[in-house]
Each structure stands twice: as structure tokens, then as C-alpha cells.
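Colleague: Dropping in data-v6.txt, with compact mmCIF, C-alpha atoms and all ligand atoms.
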# COMPACT_ATOMS: atom_id res chain seq x y z
CA MET A 1 0.00 0.00 0.00
CA LYS A 2 2.81 2.31 1.02
CA ILE A 3 4.71 1.57 -2.17
CA PHE A 4 1.61 2.22 -4.26
CA LYS A 5 1.18 5.60 -2.63
CA ASN A 6 4.81 6.47 -3.39
CA LYS A 7 4.37 5.35 -6.95
CA LYS A 8 1.37 7.60 -7.28
CA LEU A 9 3.32 10.50 -5.81
CA SER A 10 6.32 9.91 -8.08
CA LEU A 11 4.01 9.67 -11.09
CA PHE A 12 2.43 12.95 -10.06
CA LEU A 13 5.84 14.60 -9.57
CA THR A 14 7.10 13.26 -12.92
CA SER A 15 4.03 14.59 -14.76
CA LEU A 16 4.48 17.92 -13.02
CA LEU A 17 8.12 18.03 -14.14
CA VAL A 18 7.23 17.10 -17.74
CA LEU A 19 4.45 19.68 -17.80
CA SER A 20 6.69 22.44 -16.47
CA LEU A 21 9.40 21.52 -19.00
CA ILE A 22 6.84 21.76 -21.83
CA LEU A 23 5.61 25.09 -20.51
CA ALA A 24 9.17 26.40 -20.11
CA SER A 25 9.97 25.50 -23.70
CA TYR A 26 6.95 27.52 -24.83
CA ILE A 27 7.54 30.57 -22.66
CA PRO A 28 10.70 31.94 -24.36
CA SER A 29 9.26 31.74 -27.89
CA PHE A 30 5.94 33.08 -26.64
CA ALA A 31 7.73 35.98 -24.97
CA GLN A 32 9.78 36.58 -28.12
CA THR A 33 6.67 36.85 -30.31
CA SER A 34 5.60 39.99 -28.50
CA LYS A 35 8.90 41.70 -29.29
CA VAL A 36 8.79 41.73 -33.11
CA LYS A 37 8.14 45.35 -33.97
CA ASN A 38 9.85 45.41 -37.38
CA VAL A 39 10.45 42.86 -40.13
CA ILE A 40 13.12 43.26 -42.79
CA LEU A 41 12.71 40.64 -45.51
CA LEU A 42 15.71 40.41 -47.84
CA ILE A 43 15.20 38.42 -51.04
CA GLY A 44 18.08 37.39 -53.27
CA ASP A 45 16.36 36.83 -56.61
CA GLY A 46 17.56 33.53 -58.03
CA MET A 47 19.82 32.94 -55.00
CA GLY A 48 20.05 29.23 -54.26
CA THR A 49 22.56 27.81 -51.77
CA GLU A 50 25.20 27.44 -54.51
CA GLN A 51 24.86 31.15 -55.44
CA VAL A 52 25.52 31.94 -51.76
CA ASN A 53 28.42 29.49 -51.80
CA LEU A 54 29.99 31.19 -54.83
CA GLY A 55 29.66 34.58 -53.10
CA ARG A 56 31.50 33.12 -50.11
CA ILE A 57 34.24 31.57 -52.29
CA TYR A 58 34.64 34.82 -54.25
CA LYS A 59 34.90 36.85 -51.04
CA ASN A 60 37.22 34.20 -49.59
CA ASN A 61 35.47 34.68 -46.27
CA LYS A 62 32.20 34.16 -44.43
CA LEU A 63 29.22 36.20 -45.60
CA TYR A 64 27.25 38.38 -43.18
CA MET A 65 24.21 36.18 -43.71
CA ASP A 66 26.34 33.24 -42.46
CA GLU A 67 26.45 34.89 -39.03
CA PHE A 68 22.70 34.55 -38.51
CA ASP A 69 21.67 32.29 -35.62
CA TYR A 70 19.14 30.23 -37.54
CA THR A 71 19.20 28.61 -40.99
CA GLY A 72 16.43 26.74 -42.74
CA ILE A 73 15.53 25.80 -46.27
CA ALA A 74 12.39 26.44 -48.34
CA SER A 75 10.55 24.89 -51.27
CA THR A 76 9.55 27.32 -54.02
CA TYR A 77 7.06 25.54 -56.31
CA SER A 78 4.04 27.51 -57.54
CA ALA A 79 0.37 26.66 -58.19
CA ASP A 80 0.64 27.29 -61.91
CA PRO A 81 -1.83 24.97 -63.67
CA LYS A 82 0.61 24.24 -66.52
CA ASN A 83 3.94 24.32 -64.76
CA LYS A 84 4.20 24.14 -61.02
CA TRP A 85 7.64 22.76 -60.16
CA VAL A 86 9.75 25.57 -61.66
CA THR A 87 8.36 28.89 -60.50
CA ASP A 88 8.82 32.36 -61.95
CA SER A 89 9.56 35.38 -59.76
CA ALA A 90 5.95 36.60 -59.82
CA ALA A 91 4.38 33.42 -58.42
CA ALA A 92 7.23 33.07 -55.92
CA GLY A 93 7.03 36.76 -54.98
CA THR A 94 3.28 36.39 -54.43
CA ALA A 95 3.91 33.41 -52.12
CA LEU A 96 6.38 35.46 -50.05
CA ALA A 97 4.19 38.59 -50.08
CA THR A 98 0.81 36.93 -49.37
CA GLY A 99 1.37 33.35 -48.18
CA VAL A 100 -0.67 32.06 -51.15
CA LYS A 101 0.59 30.07 -54.15
CA THR A 102 -0.56 31.22 -57.57
CA TYR A 103 0.20 31.04 -61.31
CA ASP A 104 3.40 32.23 -63.02
CA GLY A 105 3.15 35.92 -63.91
CA ALA A 106 0.63 36.73 -61.14
CA ILE A 107 1.32 39.83 -59.07
CA SER A 108 -0.35 39.13 -55.70
CA VAL A 109 -3.54 37.83 -57.26
CA ASP A 110 -4.85 34.27 -56.79
CA LEU A 111 -5.65 31.62 -59.40
CA ASN A 112 -8.94 33.44 -60.06
CA GLN A 113 -7.03 36.71 -60.59
CA LYS A 114 -8.49 38.20 -57.38
CA PRO A 115 -6.16 40.44 -55.31
CA ILE A 116 -4.72 38.91 -52.12
CA GLU A 117 -3.76 41.13 -49.19
CA THR A 118 0.02 41.41 -48.85
CA ILE A 119 2.18 41.59 -45.72
CA LEU A 120 2.98 45.19 -46.69
CA GLU A 121 -0.72 46.11 -46.82
CA LYS A 122 -1.28 44.37 -43.48
CA ALA A 123 1.60 46.37 -41.98
CA GLN A 124 0.03 49.59 -43.33
CA LYS A 125 -3.34 48.66 -41.77
CA ASN A 126 -1.48 48.24 -38.47
CA LYS A 127 -0.08 51.78 -38.89
CA LYS A 128 3.47 50.59 -39.53
CA SER A 129 5.69 52.30 -42.09
CA THR A 130 6.57 50.35 -45.22
CA GLY A 131 9.30 50.25 -47.85
CA ILE A 132 10.47 48.45 -50.98
CA VAL A 133 14.10 48.58 -52.07
CA THR A 134 15.52 46.78 -55.11
CA THR A 135 18.26 46.78 -57.73
CA THR A 136 15.69 46.00 -60.46
CA ARG A 137 12.92 48.26 -61.71
CA VAL A 138 10.63 48.87 -58.71
CA THR A 139 7.83 47.63 -60.98
CA HIS A 140 9.60 44.28 -61.58
CA ALA A 141 7.98 41.07 -60.31
CA THR A 142 9.38 40.76 -56.78
CA PRO A 143 8.88 44.34 -55.49
CA ALA A 144 5.60 44.57 -57.44
CA CYS A 145 4.20 41.59 -55.51
CA PHE A 146 4.58 43.48 -52.22
CA ALA A 147 3.18 46.85 -53.32
CA SER A 148 0.63 46.17 -56.06
CA HIS A 149 -1.81 43.68 -57.58
CA ASN A 150 -1.95 42.80 -61.25
CA ILE A 151 -3.01 39.87 -63.39
CA HIS A 152 0.37 39.98 -65.18
CA ARG A 153 3.91 41.04 -64.31
CA ASP A 154 4.42 42.62 -67.74
CA ASN A 155 1.90 45.43 -67.01
CA GLU A 156 4.64 47.51 -65.41
CA ASN A 157 3.07 50.89 -66.25
CA GLU A 158 -0.07 49.87 -64.32
CA ILE A 159 2.08 48.46 -61.53
CA ALA A 160 3.88 51.84 -61.22
CA GLU A 161 0.50 53.58 -60.74
CA ASP A 162 -0.53 50.99 -58.15
CA ILE A 163 2.71 51.33 -56.15
CA ILE A 164 2.23 55.10 -55.83
CA GLU A 165 -1.49 54.56 -55.09
CA HIS A 166 -0.52 52.21 -52.24
CA GLY A 167 1.39 55.04 -50.53
CA VAL A 168 4.44 52.88 -49.74
CA ASP A 169 6.64 55.23 -47.68
CA VAL A 170 10.03 54.38 -49.17
CA ILE A 171 10.37 53.25 -52.80
CA LEU A 172 13.96 52.87 -54.04
CA GLY A 173 15.32 51.18 -57.16
CA GLY A 174 15.26 51.48 -60.93
CA GLY A 175 12.45 51.75 -63.47
CA LYS A 176 12.05 55.48 -64.07
CA ALA A 177 10.71 54.88 -67.61
CA ASN A 178 7.52 53.27 -66.29
CA PHE A 179 6.76 56.47 -64.36
CA LEU A 180 7.25 58.84 -67.31
CA ASP A 181 5.48 59.51 -70.60
CA LYS A 182 7.04 58.75 -74.01
CA ASN A 183 7.70 62.47 -74.54
CA ASN A 184 9.79 62.41 -71.35
CA ASN A 185 11.95 59.41 -72.36
CA GLY A 186 9.47 57.15 -70.62
CA LYS A 187 7.36 54.16 -71.59
CA ARG A 188 3.91 55.48 -70.71
CA GLU A 189 1.38 56.22 -73.41
CA ASP A 190 -1.20 57.91 -71.18
CA GLY A 191 0.60 61.24 -70.89
CA ARG A 192 0.92 60.86 -67.12
CA ASN A 193 4.00 61.83 -65.15
CA LEU A 194 3.83 59.62 -62.06
CA ILE A 195 6.89 61.28 -60.55
CA GLU A 196 5.08 64.66 -60.49
CA GLU A 197 1.95 62.89 -59.22
CA ALA A 198 3.99 61.28 -56.44
CA LYS A 199 5.39 64.67 -55.43
CA GLY A 200 1.78 65.89 -55.20
CA LYS A 201 1.10 63.03 -52.78
CA GLY A 202 3.93 64.14 -50.47
CA TYR A 203 6.85 62.17 -51.86
CA LYS A 204 10.33 63.65 -52.06
CA TYR A 205 11.83 62.48 -55.36
CA VAL A 206 15.54 61.70 -55.84
CA ASP A 207 17.37 60.25 -58.84
CA THR A 208 21.07 60.32 -57.90
CA ARG A 209 23.21 58.66 -55.27
CA GLU A 210 24.29 62.07 -53.93
CA ASN A 211 20.71 63.27 -53.48
CA LEU A 212 19.75 60.00 -51.81
CA LYS A 213 22.43 60.67 -49.18
CA LYS A 214 20.95 64.09 -48.38
CA VAL A 215 17.25 63.24 -48.30
CA ASN A 216 15.56 62.65 -44.96
CA ASP A 217 11.84 63.05 -45.67
CA GLU A 218 9.18 60.64 -44.40
CA LYS A 219 8.15 59.56 -47.90
CA ILE A 220 10.73 59.10 -50.65
CA LEU A 221 10.65 57.90 -54.23
CA GLY A 222 14.14 57.22 -55.60
CA LEU A 223 14.57 55.99 -59.18
CA PHE A 224 18.19 55.70 -60.25
CA ASN A 225 17.97 54.20 -63.73
CA ASN A 226 15.43 54.13 -66.56
CA SER A 227 15.43 50.35 -66.27
CA HIS A 228 17.27 48.12 -63.75
CA ILE A 229 20.12 49.53 -61.66
CA SER A 230 23.36 48.42 -63.34
CA TYR A 231 25.17 45.30 -62.18
CA THR A 232 27.63 46.01 -59.35
CA LEU A 233 30.53 45.50 -61.81
CA ASP A 234 29.13 48.10 -64.25
CA ARG A 235 27.56 50.55 -61.79
CA ASN A 236 27.76 54.30 -62.44
CA LEU A 237 28.65 55.39 -58.90
CA THR A 238 27.90 59.06 -59.47
CA VAL A 239 24.24 58.19 -60.10
CA GLU A 240 23.51 54.69 -58.86
CA PRO A 241 23.62 53.76 -55.15
CA SER A 242 24.46 50.28 -53.89
CA LEU A 243 21.75 48.07 -52.44
CA SER A 244 23.22 48.59 -48.96
CA GLU A 245 23.12 52.39 -49.32
CA MET A 246 19.44 52.24 -50.29
CA THR A 247 18.71 49.79 -47.46
CA ASN A 248 20.47 52.03 -44.95
CA LYS A 249 18.44 55.05 -46.04
CA ALA A 250 15.19 53.08 -45.93
CA ILE A 251 15.85 51.82 -42.39
CA ASN A 252 16.82 55.31 -41.17
CA ILE A 253 13.54 56.74 -42.43
CA LEU A 254 11.19 53.86 -41.58
CA SER A 255 12.52 53.32 -38.06
CA LYS A 256 11.27 56.78 -37.03
CA ASN A 257 7.78 55.29 -36.74
CA ASN A 258 7.42 54.05 -33.15
CA ARG A 259 4.76 51.56 -34.30
CA GLY A 260 7.40 49.79 -36.38
CA PHE A 261 7.93 49.00 -40.05
CA PHE A 262 8.01 46.36 -42.76
CA LEU A 263 10.78 46.57 -45.35
CA MET A 264 11.36 44.33 -48.38
CA VAL A 265 14.86 44.46 -49.89
CA GLU A 266 15.62 42.65 -53.13
CA GLY A 267 18.99 41.79 -54.63
CA GLY A 268 17.24 41.51 -57.96
CA ARG A 269 20.09 41.08 -60.37
CA ILE A 270 21.63 37.89 -58.98
CA ASP A 271 18.92 36.26 -61.10
CA HIS A 272 19.81 38.18 -64.27
CA ALA A 273 23.51 37.29 -64.10
CA ALA A 274 22.53 33.66 -63.45
CA HIS A 275 20.20 33.66 -66.48
CA ASN A 276 23.26 34.74 -68.48
CA ASN A 277 25.39 32.00 -66.83
CA ASP A 278 27.90 34.77 -65.93
CA PRO A 279 29.38 33.61 -62.59
CA ALA A 280 31.65 36.58 -61.65
CA THR A 281 28.85 39.09 -62.28
CA MET A 282 26.54 36.92 -60.21
CA ALA A 283 29.04 36.59 -57.33
CA ASN A 284 29.38 40.39 -57.20
CA GLU A 285 25.57 40.71 -57.00
CA VAL A 286 25.50 38.21 -54.11
CA LEU A 287 28.10 40.32 -52.30
CA ASP A 288 26.19 43.56 -53.00
CA PHE A 289 23.11 41.82 -51.52
CA ASP A 290 25.12 40.57 -48.54
CA GLU A 291 26.25 44.15 -47.76
CA ALA A 292 22.55 45.06 -47.52
CA VAL A 293 22.07 42.06 -45.21
CA LYS A 294 24.86 43.50 -43.05
CA VAL A 295 23.04 46.85 -42.77
CA ALA A 296 19.82 45.12 -41.68
CA TYR A 297 21.73 42.84 -39.30
CA GLU A 298 23.60 45.73 -37.62
CA PHE A 299 20.31 47.61 -37.13
CA ALA A 300 18.58 44.51 -35.70
CA LYS A 301 21.46 43.80 -33.29
CA LYS A 302 21.02 47.25 -31.72
CA ASP A 303 17.23 47.42 -32.01
CA LYS A 304 16.47 43.94 -30.60
CA GLN A 305 12.84 44.13 -31.80
CA THR A 306 13.59 43.50 -35.48
CA LEU A 307 13.26 40.16 -37.21
CA VAL A 308 15.55 39.90 -40.23
CA ILE A 309 14.77 37.17 -42.76
CA VAL A 310 17.04 36.38 -45.72
CA THR A 311 15.79 34.08 -48.45
CA ALA A 312 15.31 33.71 -52.22
CA ASP A 313 12.32 33.36 -54.50
CA HIS A 314 13.90 30.47 -56.48
CA GLU A 315 17.23 29.30 -57.85
CA THR A 316 18.41 30.37 -61.32
CA GLY A 317 20.79 28.57 -63.66
CA GLY A 318 21.35 25.32 -61.77
CA ILE A 319 24.89 26.48 -61.05
CA SER A 320 27.51 24.10 -59.67
CA ILE A 321 30.92 24.76 -58.21
CA GLY A 322 32.79 22.12 -60.20
CA ALA A 323 31.64 20.50 -63.42
CA ASN A 324 32.58 18.24 -66.33
CA GLY A 325 33.63 15.28 -64.16
CA LYS A 326 36.52 17.20 -62.58
CA TYR A 327 37.24 17.70 -58.87
CA GLU A 328 38.41 21.28 -59.24
CA TYR A 329 37.34 24.91 -59.10
CA HIS A 330 39.21 28.10 -60.07
CA PRO A 331 37.68 31.24 -58.52
CA GLU A 332 40.85 33.19 -59.43
CA ILE A 333 39.56 33.21 -63.04
CA LEU A 334 36.38 34.99 -61.91
CA LYS A 335 38.28 37.59 -59.89
CA LYS A 336 39.98 38.88 -63.05
CA GLN A 337 36.65 39.91 -64.57
CA ASN A 338 35.99 43.68 -64.36
CA LYS A 339 32.73 44.05 -66.30
CA SER A 340 29.61 41.95 -66.81
CA VAL A 341 29.39 39.91 -70.02
CA GLU A 342 26.18 41.81 -70.80
CA TYR A 343 28.14 45.09 -70.75
CA LEU A 344 30.82 43.70 -73.08
CA LEU A 345 28.22 42.70 -75.70
CA ASP A 346 27.75 46.39 -76.56
CA ILE A 347 31.42 47.33 -76.87
CA LEU A 348 33.07 44.33 -78.55
CA THR A 349 33.94 44.51 -82.27
CA THR A 350 35.84 42.17 -84.61
CA SER A 351 38.88 44.45 -84.26
CA ASN A 352 38.94 45.09 -80.49
CA TYR A 353 37.67 41.81 -79.02
CA LYS A 354 41.12 40.36 -78.14
CA THR A 355 42.18 43.50 -76.24
CA ILE A 356 38.86 43.86 -74.43
CA ILE A 357 38.67 40.20 -73.46
CA ARG A 358 42.23 40.45 -72.10
CA GLU A 359 41.57 43.67 -70.19
CA GLU A 360 38.04 43.05 -68.89
CA LEU A 361 37.95 39.27 -68.51
CA GLY A 362 41.66 38.65 -67.89
CA ILE A 363 41.74 35.95 -70.59
CA ASN A 364 44.71 36.02 -72.98
CA ASN A 365 44.75 32.42 -74.17
CA LEU A 366 41.61 32.05 -76.29
CA THR A 367 41.55 28.78 -78.20
CA LYS A 368 41.01 28.71 -81.99
CA LYS A 369 37.47 27.38 -81.46
CA GLU A 370 36.65 30.13 -78.92
CA GLU A 371 37.93 32.84 -81.28
CA LEU A 372 35.90 31.39 -84.13
CA ASP A 373 32.69 31.38 -82.07
CA ILE A 374 33.26 34.98 -80.92
CA VAL A 375 34.11 36.35 -84.38
CA LEU A 376 31.20 34.54 -86.02
CA ALA A 377 28.73 35.95 -83.48
CA LEU A 378 30.21 39.44 -83.89
CA LYS A 379 29.95 39.28 -87.70
CA LYS A 380 26.31 38.18 -87.47
CA ASN A 381 25.64 40.74 -84.70
CA ASP A 382 24.15 37.81 -82.77
CA LYS A 383 24.19 38.93 -79.12
CA ASP A 384 22.84 35.65 -77.74
CA ASN A 385 25.59 33.60 -79.37
CA LEU A 386 28.21 36.21 -78.46
CA SER A 387 27.11 36.04 -74.82
CA ARG A 388 27.19 32.24 -74.95
CA ALA A 389 30.69 32.26 -76.50
CA LEU A 390 32.03 34.64 -73.82
CA VAL A 391 30.55 32.85 -70.80
CA ASN A 392 31.78 29.53 -72.20
CA THR A 393 35.37 30.81 -72.03
CA ILE A 394 34.86 31.81 -68.36
CA ASN A 395 32.92 28.72 -67.29
CA THR A 396 35.39 26.31 -68.93
CA ARG A 397 38.40 27.95 -67.28
CA SER A 398 36.80 28.28 -63.83
CA ASN A 399 35.05 24.88 -64.16
CA THR A 400 31.65 26.38 -63.31
CA GLY A 401 28.68 24.21 -64.28
CA TRP A 402 25.20 25.36 -65.30
CA THR A 403 22.24 23.19 -66.16
CA THR A 404 19.94 25.88 -67.59
CA THR A 405 19.52 29.54 -68.57
CA ALA A 406 16.17 29.55 -66.75
CA HIS A 407 15.08 28.78 -63.16
CA THR A 408 15.23 25.46 -61.32
CA GLY A 409 13.08 23.86 -58.65
CA VAL A 410 15.81 23.45 -56.02
CA ASP A 411 15.13 24.55 -52.46
CA VAL A 412 16.45 27.94 -51.38
CA PRO A 413 18.19 29.02 -48.16
CA VAL A 414 16.35 30.75 -45.32
CA LYS A 415 18.35 32.64 -42.70
CA ALA A 416 16.86 34.49 -39.77
CA TYR A 417 18.07 36.77 -36.99
CA GLY A 418 16.27 38.42 -34.09
CA PRO A 419 13.18 37.58 -32.05
CA ASN A 420 11.31 34.54 -33.46
CA ALA A 421 14.26 33.67 -35.74
CA ASN A 422 14.20 30.14 -34.28
CA LEU A 423 10.87 29.52 -36.07
CA PHE A 424 12.68 29.60 -39.43
CA SER A 425 15.21 26.92 -38.59
CA LYS A 426 13.62 23.96 -40.38
CA HIS A 427 12.27 22.92 -43.75
CA LEU A 428 9.66 25.48 -44.78
CA ASP A 429 7.54 26.23 -47.79
CA ASN A 430 7.86 29.73 -49.28
CA THR A 431 4.30 30.48 -48.08
CA ASP A 432 5.32 29.65 -44.46
CA ILE A 433 7.90 32.47 -44.53
CA ASN A 434 5.09 34.98 -45.10
CA LYS A 435 2.84 33.41 -42.48
CA LEU A 436 5.58 33.35 -39.82
CA ALA A 437 6.50 37.00 -40.52
CA VAL A 438 2.85 38.11 -40.32
CA LYS A 439 2.35 36.13 -37.11
CA SER A 440 5.56 37.49 -35.58
CA MET A 441 4.46 41.09 -36.12
CA LYS A 442 0.96 40.16 -34.87
CA LEU A 443 -0.57 41.79 -37.93
CA LYS A 444 -4.35 41.66 -38.19
ZN ZN B 1 14.63 34.89 -63.32
Could you show the structure in this file as C-alpha cells?
Ligand SMILES: [Zn+2]
Modeller:
Amino acid sequence: MKIFKNKKLSLFLTSLLVLSLILASYIPSFAQTSKVKNVILLIGDGMGTEQVNLGRIYKNNKLYMDEFDYTGIASTYSADPKNKWVTDSAAAGTALATGVKTYDGAISVDLNQKPIETILEKAQKNKKSTGIVTTTRVTHATPACFASHNIHRDNENEIAEDIIEHGVDVILGGGKANFLDKNNNGKREDGRNLIEEAKGKGYKYVDTRENLKKVNDEKILGLFNNSHISYTLDRNLTVEPSLSEMTNKAINILSKNNRGFFLMVEGGRIDHAAHNNDPATMANEVLDFDEAVKVAYEFAKKDKQTLVIVTADHETGGISIGANGKYEYHPEILKKQNKSVEYLLDILTTSNYKTIIREELGINNLTKKEELDIVLALKKNDKDNLSRALVNTINTRSNTGWTTTAHTGVDVPVKAYGPNANLFSKHLDNTDINKLAVKSMKLK
């Protein structure tokens, strides 16, 4: 009888211990949830784990995003009725912006083309400040998914109107032509000047790096190129800011709101360089993106109420460090490249190509076959084949592999820092990233 009583007591004590352990494990994360005032979501467009790896190899050091406490991985497939396993940036951007999967080309609309509320709109409803910062046109798929709704990503003139209509506080990137009429070097055919209209709505407009440094208004529209901001390797530094400079400005302005902010930052041109299979240009874009991650990370370390999430919308190019059955890689080849291949396409001629390839790509031992391919493409003025011939010389020498010039379905990295970062340390779906960010900020 006595033993039975003791058994009962020990069972009771054990259950009490288990229960308190369960409760204790919940308390820290529960307490952390209440602390997320701001979310900074940084998206490397086309940045799979191998893109990050090449950035690290190129830098010959750890990246800032490597310092984050928690790492996970995310699936990126869409709900496109025809093609679901290889997403485009619009469907993937919609998943990150709204938590809903949709068709390729959709800008935060569902399969029935109905608008879906975005995390940015939810933040606005909760009186937080909001911003979008990118190296592409601000009307390009990823930023568009956060600040507009459209049945197709190509309707960039409409998307520009919608972004201004949404009253996003900080809008920084490229894409001036979609805001201006044809008579003003723009692409609009409706005679509207959205930059003047934005000024009328209280925006301060800037279009150079210098002016961006000086501006300190609550609402800013900064457009630094007619189309995308140039690749890091080709950037015009008197006019075009880096992604980290734009991110720094955005955080300075948005953090004045004591209710908090939501900021989306996109390293948009990692994808473009990967589409071109141009590894050095891509590595430089990863590093430009990582400098922006550093800015967000430094702010979050001091602020302690900011959740920083780094991820990608999808992988581009199916890049591999090492290829062709060889156990070797030569990053030193990539470090000799001074300009993007895309830039060289416009300046190469049949008479200057040897000099330019030596000076800008650091290659002075072209084979007969390589020369033939380059000269043939130049004579035919065939930019696609010229690009292919140039990247082949780089990829062969560095032993960089690519499986496609489009996107792939591989999982992408997720890195998180700050309160609730632990929630991202597992296998996620791209839609979960949105849901966790919304939940962390307690947005209604
Ligand atoms: Zn792409």
C-alpha cells in the first residue's frame, strides 16, 4: 500500500516536471513573439545555396548572412496549372508577399485573378511604415508583388501607378521609364508623369546617389535608372547607389515610426547574371546583396525588436561549383573579370575583341574554337551567341557548371536573426515564410 502511494506520488511529480518543461519551452518563444516590432525581408532573386556558396568563395570569407543564428531551407514551387515545379519570380514573390501560391506571372492575385492582401498592406493597416528597395525596376515582379496587384507582371506601367497609389513610404530602385510619358523618355502612353503625381502626394523624389544621401523626408521615391540599376561591376557610382546604401536610407527613415515598419529588400540582379550563366557578375551581386544584409543585421542587433529574414524566391541557372567530371574549381579566373558579359556585348567589335577580353575578362589564351565562335557571333551581330561564347570561355576555365539559362526547382536558403528567428530553422515552404513573418508582427 505504502509503495503504491509512493508510486502515485512519483508519477504525479514526474508529470508535473514534464508539464513544467513543456511550458518552459513555450515561454521563451511566446515571450519573443511579443517583441517583433519590425520585419526586414531580404530576397536574393535567383539565389540558391550554390549562389551563396559562390559569393562566399569569391569573397574568400564568411558572408554576413552566415552569421545569422538560424538557418532553414524552403521549397519554391508555384500553383501554376501548366507548370508548377519551376516557379517564376511573380508566383514566388506572391507566395512570399501573401502566403498564397498562384500562377506564373501573377502579381499578388490568386488563381482566379483576385487580389490577395500582402504583408505590406497588413503592416500599413497596423499603422506601420513600409518600404520596398531593389536593384531591379521597382515595378519588376518581386517588389511589385509586395506593393501592387496585377493579373500579369508585364503590365509595369499599371504596376507603377498601383505602387504610388498604395502610398508605400520608401520606394527605391530602378524603373524610371515606367513612371514617365514617351515624350519624357518614358514608356507610358497615357501622358501621365507619375513622378510629379507622387510629389503631389507628399513624396520627395531623388534620382542620384548624392541626393539620396541628403534626403531625410518621411516619404521618398528614388529611381536611379530608366530600367534596372546596373550590375555592381558596371555601376555608375555618381548616379547609382548600392543596395546597402538604399537599405540604410530606408531603415533610417522607416525606423522613425514608433509603431514599427516592414521593409522588403531585393537583390534583384543575382537572377539576371545567373540567367546569363555569368558567374563573376553573379558573385558580385550576391556580395552587394550581402552588404545590404549587413546593414539590416547591424540595425537589428542594436534594435532587438527587429526580425531579419534572408531568403530567395527560387534558384536560377542550376549552377555548380565544379563540373565536367573534374574535382576542381578556379575562382581566381572569376576575380579577373571587371565588367559583366552583358556590358561587353555592346562594346566588342571584330577588331577590339582580343584586347577587351584580355583587359576586362583577364583571358589572354583564347583557343582557336573560342575565337571562331566569338568572331562569327560578332559578324552576325548575334548577341545571344556572343554572350554564350564569352561565358563559355569563363565557365570552362573556372570549371563552373550550369544546367539551364532559366530557373530550377531546387530549395532555397532561409536565414533568420532576431526575435522569433528560431521559427525559421527547419524545412519550410515559401508560403510559411510569409505566415511566420505576419504572425511574428501580430498583424491583423
Ligand atoms: Zn529569373
Colleague: Can you measure CA of Gly268 (chain A) to CA of Leu96 (chain A) for me? One decimal in Å is fine.
Modeller: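 Pair CA of Gly268 (chain A) / CA of Leu96 (chain A) returns 14.7 Å.
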Colleague: Out of A:Thr396, A:Asn277, A:Asn178, A:Ser440, which residue has the shortest atom-to-atom distance to ligand ZN 1 (chain B) when counting all atoms listed in the file?
Modeller: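 Closest residue, counting all atoms listed in the file: A:Asn277.
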Colleague: Kindly assemble as a Markdown table a list of the chain A residues that lie within 12 Å of ligand ZN 1 (chain B), each paired with its nearest atom pair and their distance in Å to one decimal, using all atoms listed in the file, sorted first by chain and then by ascending residue number.
Modeller:
| residue | atom | partner | partner_atom | distance |
| --- | --- | --- | --- | --- |
| A:Gly44 | CA | B:ZN1 | ZN | 10.9 |
| A:Asp45 | CA | B:ZN1 | ZN | 7.2 |
| A:Gly46 | CA | B:ZN1 | ZN | 6.2 |
| A:Met47 | CA | B:ZN1 | ZN | 10.0 |
| A:Gly48 | CA | B:ZN1 | ZN | 12.0 |
| A:Val86 | CA | B:ZN1 | ZN | 10.7 |
| A:Thr87 | CA | B:ZN1 | ZN | 9.1 |
| A:Asp88 | CA | B:ZN1 | ZN | 6.5 |
| A:Ser89 | CA | B:ZN1 | ZN | 6.2 |
| A:Ala90 | CA | B:ZN1 | ZN | 9.5 |
| A:Ala91 | CA | B:ZN1 | ZN | 11.5 |
| A:Ala92 | CA | B:ZN1 | ZN | 10.6 |
| A:Gly93 | CA | B:ZN1 | ZN | 11.4 |
| A:Asp104 | CA | B:ZN1 | ZN | 11.5 |
| A:Gly105 | CA | B:ZN1 | ZN | 11.5 |
| A:Thr136 | CA | B:ZN1 | ZN | 11.5 |
| A:His140 | CA | B:ZN1 | ZN | 10.8 |
| A:Ala141 | CA | B:ZN1 | ZN | 9.6 |
| A:Thr142 | CA | B:ZN1 | ZN | 10.2 |
| A:Gly267 | CA | B:ZN1 | ZN | 11.9 |
| A:Gly268 | CA | B:ZN1 | ZN | 8.9 |
| A:Arg269 | CA | B:ZN1 | ZN | 8.8 |
| A:Ile270 | CA | B:ZN1 | ZN | 8.8 |
| A:Asp271 | CA | B:ZN1 | ZN | 5.0 |
| A:His272 | CA | B:ZN1 | ZN | 6.2 |
| A:Ala273 | CA | B:ZN1 | ZN | 9.2 |
| A:Ala274 | CA | B:ZN1 | ZN | 8.0 |
| A:His275 | CA | B:ZN1 | ZN | 6.5 |
| A:Asn276 | CA | B:ZN1 | ZN | 10.1 |
| A:Asn277 | CA | B:ZN1 | ZN | 11.7 |
| A:Ala312 | CA | B:ZN1 | ZN | 11.2 |
| A:Asp313 | CA | B:ZN1 | ZN | 9.2 |
| A:His314 | CA | B:ZN1 | ZN | 8.2 |
| A:Glu315 | CA | B:ZN1 | ZN | 8.2 |
| A:Thr316 | CA | B:ZN1 | ZN | 6.2 |
| A:Gly317 | CA | B:ZN1 | ZN | 8.8 |
| A:Gly318 | CA | B:ZN1 | ZN | 11.8 |
| A:Thr404 | CA | B:ZN1 | ZN | 11.3 |
| A:Thr405 | CA | B:ZN1 | ZN | 8.9 |
| A:Ala406 | CA | B:ZN1 | ZN | 6.5 |
| A:His407 | CA | B:ZN1 | ZN | 6.1 |
| A:Thr408 | CA | B:ZN1 | ZN | 9.7 |
Colleague: Need the shell around Lys442 (chain A): protein/DNA/RNA residues with any atom at most 10 Å away, counting only C-alpha atoms. Skip same-chain ones fewer than 2 positions apart. Format as a list in words?
Modeller: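 Listing them by chain and then by number gives Thr33, Ser34, Lys35, Val36, Lys37, Lys122, Ala123, Asn126, Leu436, Ala437, Val438, Lys439, Ser440 and Lys444 of chain A.
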Colleague: I need the residue nearest Asn157 (chain A) from this list: A:Leu361, A:Ala177, A:Ile73, A:Leu344. Use all atoms listed in the file for the distance.
Modeller: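 That would be A:Ala177, the residue with the smallest distance to Asn157 (chain A).
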Colleague: Could you tell me which of A:Thr102, A:Thr281, A:Thr403, A:Ser320 comes closest to Asn53 (chain A) if we count all atoms listed in the file?
Modeller: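 Among the listed residues, the smallest separation from Asn53 (chain A) belongs to A:Ser320.
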Colleague: Select, from A:Pro143, A:Asp181, A:Gly322, A:Leu307, the residue with the minimum atom-to-atom distance to Leu423 (chain A), counting only C-alpha atoms.
Modeller: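 Among the listed residues, A:Leu307 lies closest to Leu423 (chain A).
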Colleague: So, with all atoms listed in the file as the atoms that count, which of A:Val170, A:Ile229, A:Ile357, A:Leu237 lies closest to Asp217 (chain A)?
Modeller: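 Answer, going by the shortest atom-to-atom distance: A:Val170.
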Colleague: Measure the distance from CA of Leu54 (chain A) to CA of Glu285 (chain A) in Å and round it to one decimal.
Modeller: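 Atom-to-atom, CA of Leu54 (chain A) to CA of Glu285 (chain A), that is 10.7 Å.
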